[in-house]
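Worksheet: one structure, shown below.
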Amino acid sequence: MFVYFPTKDDLLNQLFLHLKSDLRGFLAADYPADGHIQEQIQHLWNRLVDWGARSPDKRKALRQLKVSEKITEASQNAGQAMFYDFVAVVENGFKTGILREQPLSFLGGVTEAIADMVLESASRDPAKLDHYKFLGWQALWGALARQ
């Protein structure tokens with residue numbers, strides 16, 4: 001393994017970027033670029049939950065790597081850069097008043113927490129994944145949308 005990665009930290013950083021890229025590709029599939037902001041965000045939500053349900057080991061690894069001190073600032077920045085177009089959708093929602101303005105880091109935390117709850121519930125009752133995903137969407141959109 002160290003033929004390809006000089007150190008364990010290099011391996012972890014490359015794994016982090018690989019997982020971010022995998023998630024990015026999954027989110028982007030069939031993305032409604034010309035859709036309404038709500039449709040675009042719901043697409044991202046549904047794909048995030050689907051990725052987590054299909055790839056629980058990848059999701060767990062990515063969550064652990066996100067908080068690891070071994071992931072360099074350069075890798076973190078490269079990982080974030082993969083999602084700038086999706087972040088732009090949210091920022092556009094803030095500008096147009098469709099979305100309630102809030103720090104992106106807070107919004108990301110809320111999204112992750114709701115996704116965790118949905119995936120945990122679905123792990124106990126997989127047949128209800130779509131039901132839990134819909135409930136999670138309602139909770140997330142309630143936290144996002146300006147009423």
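Order determines the names: the first chain of the structure tokens is A, the second B, and so forth; residues in each chain are numbered 1 upward, and ligands are numbered 1 upward as they are shown.
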
Taking the chain letters and numbering used in this document, name the residues of chain A that DSSP puts in helix (DSSP H, G or I), as a compact mmCIF listing (two decimals) with N, CA and C atoms, in the first residue's frame.
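Dumped everything to states31.txt:
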```txt
# COMPACT_ATOMS: atom_id res chain seq x y z
N LYS A 8 0.39 6.96 5.94
CA LYS A 8 -1.00 6.66 6.28
C LYS A 8 -1.86 7.91 6.11
N ASP A 9 -1.33 9.06 6.48
CA ASP A 9 -2.09 10.31 6.33
C ASP A 9 -2.42 10.60 4.87
N ASP A 10 -1.47 10.31 3.97
CA ASP A 10 -1.74 10.49 2.54
C ASP A 10 -2.87 9.57 2.09
N LEU A 11 -2.85 8.34 2.57
CA LEU A 11 -3.90 7.39 2.25
C LEU A 11 -5.26 7.91 2.72
N LEU A 12 -5.31 8.40 3.95
CA LEU A 12 -6.58 8.89 4.50
C LEU A 12 -7.09 10.11 3.73
N ASN A 13 -6.18 10.99 3.33
CA ASN A 13 -6.59 12.17 2.56
C ASN A 13 -7.12 11.77 1.19
N GLN A 14 -6.48 10.80 0.55
CA GLN A 14 -6.97 10.34 -0.74
C GLN A 14 -8.30 9.61 -0.62
N LEU A 15 -8.46 8.85 0.45
CA LEU A 15 -9.74 8.18 0.70
C LEU A 15 -10.84 9.22 0.92
N PHE A 16 -10.54 10.25 1.69
CA PHE A 16 -11.49 11.34 1.93
C PHE A 16 -11.95 11.95 0.60
N LEU A 17 -11.00 12.28 -0.26
CA LEU A 17 -11.33 12.90 -1.54
C LEU A 17 -12.08 11.93 -2.45
N HIS A 18 -11.71 10.67 -2.41
CA HIS A 18 -12.41 9.67 -3.21
C HIS A 18 -13.87 9.55 -2.76
N LEU A 19 -14.11 9.52 -1.46
CA LEU A 19 -15.48 9.41 -0.95
C LEU A 19 -16.29 10.66 -1.27
N LYS A 20 -15.67 11.82 -1.14
CA LYS A 20 -16.36 13.07 -1.50
C LYS A 20 -16.74 13.06 -2.99
N SER A 21 -15.83 12.60 -3.82
CA SER A 21 -16.09 12.52 -5.25
C SER A 21 -17.21 11.52 -5.55
N ASP A 22 -17.20 10.40 -4.86
CA ASP A 22 -18.24 9.39 -5.04
C ASP A 22 -19.60 9.98 -4.68
N LEU A 23 -19.68 10.67 -3.54
CA LEU A 23 -20.92 11.31 -3.12
C LEU A 23 -21.33 12.37 -4.12
N ARG A 24 -20.40 13.17 -4.57
CA ARG A 24 -20.69 14.24 -5.54
C ARG A 24 -21.29 13.67 -6.82
N GLY A 25 -20.70 12.60 -7.31
CA GLY A 25 -21.22 11.96 -8.51
C GLY A 25 -22.61 11.42 -8.32
N PHE A 26 -22.86 10.85 -7.15
CA PHE A 26 -24.18 10.29 -6.87
C PHE A 26 -25.23 11.40 -6.77
N LEU A 27 -24.88 12.50 -6.12
CA LEU A 27 -25.82 13.62 -5.99
C LEU A 27 -26.15 14.23 -7.35
N ALA A 28 -25.16 14.28 -8.22
CA ALA A 28 -25.32 14.96 -9.50
C ALA A 28 -26.16 14.18 -10.51
N ILE A 37 -35.73 25.92 -7.08
CA ILE A 37 -34.81 25.70 -5.96
C ILE A 37 -35.29 24.57 -5.05
N GLN A 38 -36.58 24.53 -4.75
CA GLN A 38 -37.09 23.47 -3.89
C GLN A 38 -36.87 22.10 -4.54
N GLU A 39 -37.12 21.99 -5.82
CA GLU A 39 -36.93 20.72 -6.53
C GLU A 39 -35.45 20.32 -6.52
N GLN A 40 -34.57 21.29 -6.71
CA GLN A 40 -33.14 21.00 -6.72
C GLN A 40 -32.67 20.52 -5.35
N ILE A 41 -33.10 21.20 -4.32
CA ILE A 41 -32.67 20.82 -2.97
C ILE A 41 -33.28 19.49 -2.56
N GLN A 42 -34.51 19.24 -2.95
CA GLN A 42 -35.13 17.95 -2.63
C GLN A 42 -34.41 16.82 -3.36
N HIS A 43 -33.99 17.07 -4.58
CA HIS A 43 -33.21 16.07 -5.31
C HIS A 43 -31.93 15.75 -4.53
N LEU A 44 -31.22 16.78 -4.09
CA LEU A 44 -29.98 16.56 -3.34
C LEU A 44 -30.25 15.80 -2.05
N TRP A 45 -31.34 16.15 -1.38
CA TRP A 45 -31.72 15.45 -0.14
C TRP A 45 -31.97 13.96 -0.42
N ASN A 46 -32.80 13.69 -1.41
CA ASN A 46 -33.14 12.31 -1.72
C ASN A 46 -31.90 11.50 -2.09
N ARG A 47 -31.04 12.09 -2.88
CA ARG A 47 -29.82 11.39 -3.30
C ARG A 47 -28.86 11.19 -2.13
N LEU A 48 -28.79 12.17 -1.22
CA LEU A 48 -27.94 12.02 -0.03
C LEU A 48 -28.39 10.83 0.80
N VAL A 49 -29.68 10.75 1.05
CA VAL A 49 -30.22 9.65 1.84
C VAL A 49 -30.03 8.33 1.10
N ASP A 50 -30.28 8.32 -0.20
CA ASP A 50 -30.11 7.09 -0.98
C ASP A 50 -28.66 6.62 -0.95
N TRP A 51 -27.71 7.55 -1.08
CA TRP A 51 -26.29 7.20 -1.02
C TRP A 51 -25.96 6.59 0.34
N GLY A 52 -26.45 7.21 1.41
CA GLY A 52 -26.20 6.68 2.74
C GLY A 52 -26.81 5.32 2.96
N ALA A 53 -27.99 5.08 2.40
CA ALA A 53 -28.66 3.79 2.55
C ALA A 53 -27.96 2.71 1.74
N ARG A 54 -27.47 3.06 0.55
CA ARG A 54 -26.80 2.08 -0.32
C ARG A 54 -25.35 1.84 0.08
N PRO A 56 -23.61 2.42 3.43
CA PRO A 56 -23.45 2.83 4.83
C PRO A 56 -21.99 2.85 5.29
N ASP A 57 -21.16 1.97 4.75
CA ASP A 57 -19.75 1.98 5.14
C ASP A 57 -19.03 3.21 4.61
N LYS A 58 -19.36 3.61 3.38
CA LYS A 58 -18.77 4.83 2.82
C LYS A 58 -19.20 6.05 3.63
N ARG A 59 -20.48 6.10 3.97
CA ARG A 59 -21.00 7.24 4.74
C ARG A 59 -20.32 7.32 6.10
N LYS A 60 -20.19 6.18 6.76
CA LYS A 60 -19.55 6.15 8.07
C LYS A 60 -18.09 6.59 7.97
N ALA A 61 -17.38 6.09 6.98
CA ALA A 61 -15.98 6.46 6.79
C ALA A 61 -15.85 7.96 6.51
N LEU A 62 -16.72 8.49 5.65
CA LEU A 62 -16.65 9.92 5.33
C LEU A 62 -16.93 10.77 6.56
N ARG A 63 -17.90 10.38 7.35
CA ARG A 63 -18.22 11.14 8.57
C ARG A 63 -17.04 11.13 9.53
N GLN A 64 -16.37 10.00 9.65
CA GLN A 64 -15.20 9.93 10.54
C GLN A 64 -14.04 10.74 10.00
N LEU A 65 -13.82 10.67 8.69
CA LEU A 65 -12.72 11.42 8.10
C LEU A 65 -12.96 12.93 8.17
N LYS A 66 -14.20 13.35 8.09
CA LYS A 66 -14.51 14.79 8.15
C LYS A 66 -14.01 15.42 9.44
N GLU A 73 -5.94 20.71 5.41
CA GLU A 73 -6.77 21.84 4.98
C GLU A 73 -6.93 21.83 3.46
N ALA A 74 -5.87 21.45 2.75
CA ALA A 74 -5.95 21.38 1.30
C ALA A 74 -6.97 20.34 0.85
N SER A 75 -7.00 19.19 1.51
CA SER A 75 -7.99 18.16 1.17
C SER A 75 -9.40 18.63 1.53
N GLN A 76 -9.54 19.28 2.66
CA GLN A 76 -10.86 19.80 3.04
C GLN A 76 -11.35 20.81 2.02
N ASN A 77 -10.46 21.71 1.60
CA ASN A 77 -10.83 22.71 0.60
C ASN A 77 -11.18 22.07 -0.74
N ALA A 78 -10.41 21.06 -1.14
CA ALA A 78 -10.69 20.36 -2.40
C ALA A 78 -12.02 19.63 -2.31
N GLY A 79 -12.31 19.05 -1.17
CA GLY A 79 -13.59 18.37 -0.98
C GLY A 79 -14.76 19.33 -1.04
N GLN A 80 -14.61 20.50 -0.42
CA GLN A 80 -15.67 21.50 -0.47
C GLN A 80 -15.87 22.04 -1.88
N ALA A 81 -14.78 22.20 -2.60
CA ALA A 81 -14.86 22.76 -3.96
C ALA A 81 -15.69 21.88 -4.88
N TYR A 84 -19.40 23.27 -4.86
CA TYR A 84 -19.70 24.70 -4.98
C TYR A 84 -20.95 24.99 -5.79
N ASP A 85 -21.22 24.22 -6.82
CA ASP A 85 -22.42 24.48 -7.61
C ASP A 85 -23.68 24.20 -6.81
N PHE A 86 -23.65 23.22 -5.93
CA PHE A 86 -24.81 22.94 -5.08
C PHE A 86 -24.95 24.01 -3.99
N VAL A 87 -23.83 24.47 -3.48
CA VAL A 87 -23.85 25.55 -2.49
C VAL A 87 -24.42 26.82 -3.13
N ALA A 88 -24.10 27.04 -4.39
CA ALA A 88 -24.61 28.21 -5.11
C ALA A 88 -26.14 28.19 -5.18
N VAL A 89 -26.72 27.02 -5.29
CA VAL A 89 -28.19 26.90 -5.30
C VAL A 89 -28.76 27.40 -3.98
N VAL A 90 -28.16 26.98 -2.89
CA VAL A 90 -28.62 27.41 -1.57
C VAL A 90 -28.43 28.92 -1.41
N GLU A 91 -27.27 29.41 -1.81
CA GLU A 91 -27.02 30.86 -1.71
C GLU A 91 -28.00 31.65 -2.56
N ASN A 92 -28.37 31.13 -3.72
CA ASN A 92 -29.38 31.76 -4.55
C ASN A 92 -30.73 31.77 -3.83
N GLY A 93 -31.02 30.68 -3.13
CA GLY A 93 -32.25 30.62 -2.33
C GLY A 93 -32.27 31.68 -1.24
N PHE A 94 -31.11 31.96 -0.64
CA PHE A 94 -31.03 33.03 0.36
C PHE A 94 -31.30 34.38 -0.30
N LYS A 95 -30.65 34.62 -1.45
CA LYS A 95 -30.76 35.91 -2.14
C LYS A 95 -32.19 36.18 -2.61
N THR A 96 -32.87 35.15 -3.08
CA THR A 96 -34.22 35.34 -3.60
C THR A 96 -35.27 35.34 -2.50
N LEU A 104 -24.04 28.45 6.38
CA LEU A 104 -23.99 27.20 5.62
C LEU A 104 -23.52 26.03 6.49
N SER A 105 -22.61 26.30 7.42
CA SER A 105 -22.14 25.22 8.29
C SER A 105 -23.26 24.72 9.20
N PHE A 106 -24.12 25.63 9.65
CA PHE A 106 -25.27 25.24 10.46
C PHE A 106 -26.25 24.42 9.63
N LEU A 107 -26.52 24.89 8.43
CA LEU A 107 -27.42 24.19 7.53
C LEU A 107 -26.90 22.79 7.21
N GLY A 108 -25.60 22.67 6.99
CA GLY A 108 -24.99 21.37 6.74
C GLY A 108 -25.15 20.45 7.94
N GLY A 109 -24.98 20.99 9.14
CA GLY A 109 -25.15 20.20 10.35
C GLY A 109 -26.57 19.72 10.54
N VAL A 110 -27.53 20.59 10.27
CA VAL A 110 -28.95 20.21 10.37
C VAL A 110 -29.27 19.11 9.35
N THR A 111 -28.77 19.29 8.13
CA THR A 111 -29.01 18.29 7.08
C THR A 111 -28.43 16.94 7.49
N GLU A 112 -27.20 16.94 7.98
CA GLU A 112 -26.56 15.69 8.40
C GLU A 112 -27.31 15.04 9.56
N ALA A 113 -27.76 15.84 10.51
CA ALA A 113 -28.48 15.30 11.67
C ALA A 113 -29.80 14.64 11.24
N ILE A 114 -30.52 15.30 10.36
CA ILE A 114 -31.79 14.73 9.88
C ILE A 114 -31.52 13.49 9.04
N ALA A 115 -30.50 13.54 8.20
CA ALA A 115 -30.15 12.36 7.40
C ALA A 115 -29.76 11.19 8.31
N ASP A 116 -29.02 11.46 9.36
CA ASP A 116 -28.65 10.41 10.31
C ASP A 116 -29.90 9.79 10.93
N MET A 117 -30.85 10.63 11.31
CA MET A 117 -32.08 10.13 11.92
C MET A 117 -32.86 9.26 10.93
N VAL A 118 -32.96 9.72 9.70
CA VAL A 118 -33.67 8.96 8.66
C VAL A 118 -33.00 7.61 8.44
N LEU A 119 -31.68 7.62 8.30
CA LEU A 119 -30.95 6.38 8.02
C LEU A 119 -30.97 5.43 9.21
N GLU A 120 -30.91 5.96 10.40
CA GLU A 120 -31.00 5.12 11.60
C GLU A 120 -32.38 4.48 11.69
N SER A 121 -33.42 5.23 11.45
CA SER A 121 -34.79 4.69 11.48
C SER A 121 -34.96 3.64 10.39
N ALA A 122 -34.45 3.93 9.20
CA ALA A 122 -34.58 2.99 8.08
C ALA A 122 -33.76 1.72 8.31
N SER A 123 -32.68 1.83 9.06
CA SER A 123 -31.88 0.62 9.32
C SER A 123 -32.65 -0.38 10.18
N ARG A 124 -33.56 0.13 11.00
CA ARG A 124 -34.40 -0.75 11.83
C ARG A 124 -35.61 -1.26 11.06
N PRO A 126 -36.12 -1.26 7.04
CA PRO A 126 -35.73 -0.87 5.68
C PRO A 126 -36.90 -0.66 4.72
N ALA A 127 -37.99 -1.33 4.93
CA ALA A 127 -39.14 -1.19 4.04
C ALA A 127 -39.74 0.21 4.10
N LYS A 128 -39.43 0.95 5.15
CA LYS A 128 -39.99 2.30 5.32
C LYS A 128 -39.00 3.41 4.96
N LEU A 129 -37.93 3.07 4.23
CA LEU A 129 -36.94 4.09 3.88
C LEU A 129 -37.59 5.29 3.20
N ASP A 130 -38.44 5.07 2.20
CA ASP A 130 -39.06 6.19 1.48
C ASP A 130 -39.93 7.03 2.41
N HIS A 131 -40.62 6.39 3.33
CA HIS A 131 -41.46 7.11 4.29
C HIS A 131 -40.59 7.99 5.19
N TYR A 132 -39.51 7.43 5.72
CA TYR A 132 -38.62 8.21 6.58
C TYR A 132 -37.92 9.31 5.80
N LYS A 133 -37.57 9.02 4.54
CA LYS A 133 -36.93 10.03 3.70
C LYS A 133 -37.88 11.22 3.49
N PHE A 134 -39.16 10.92 3.27
CA PHE A 134 -40.14 11.99 3.10
C PHE A 134 -40.32 12.79 4.39
N LEU A 135 -40.40 12.09 5.52
CA LEU A 135 -40.51 12.81 6.80
C LEU A 135 -39.28 13.69 7.03
N GLY A 136 -38.11 13.16 6.70
CA GLY A 136 -36.89 13.95 6.83
C GLY A 136 -36.91 15.17 5.93
N TRP A 137 -37.41 14.99 4.70
CA TRP A 137 -37.52 16.11 3.78
C TRP A 137 -38.43 17.19 4.35
N GLN A 138 -39.56 16.79 4.89
CA GLN A 138 -40.48 17.77 5.48
C GLN A 138 -39.80 18.55 6.60
N ALA A 139 -39.04 17.85 7.44
CA ALA A 139 -38.33 18.51 8.54
C ALA A 139 -37.25 19.46 7.99
N LEU A 140 -36.52 18.99 7.00
CA LEU A 140 -35.45 19.82 6.44
C LEU A 140 -36.03 21.05 5.73
N TRP A 141 -37.05 20.86 4.91
CA TRP A 141 -37.61 21.99 4.19
C TRP A 141 -38.23 22.98 5.18
N GLY A 142 -38.81 22.48 6.26
CA GLY A 142 -39.34 23.38 7.29
C GLY A 142 -38.24 24.22 7.93
N ALA A 143 -37.04 23.66 8.03
CA ALA A 143 -35.90 24.40 8.60
C ALA A 143 -35.28 25.35 7.58
N LEU A 144 -35.51 25.09 6.31
CA LEU A 144 -34.88 25.88 5.25
C LEU A 144 -35.74 27.02 4.73
```
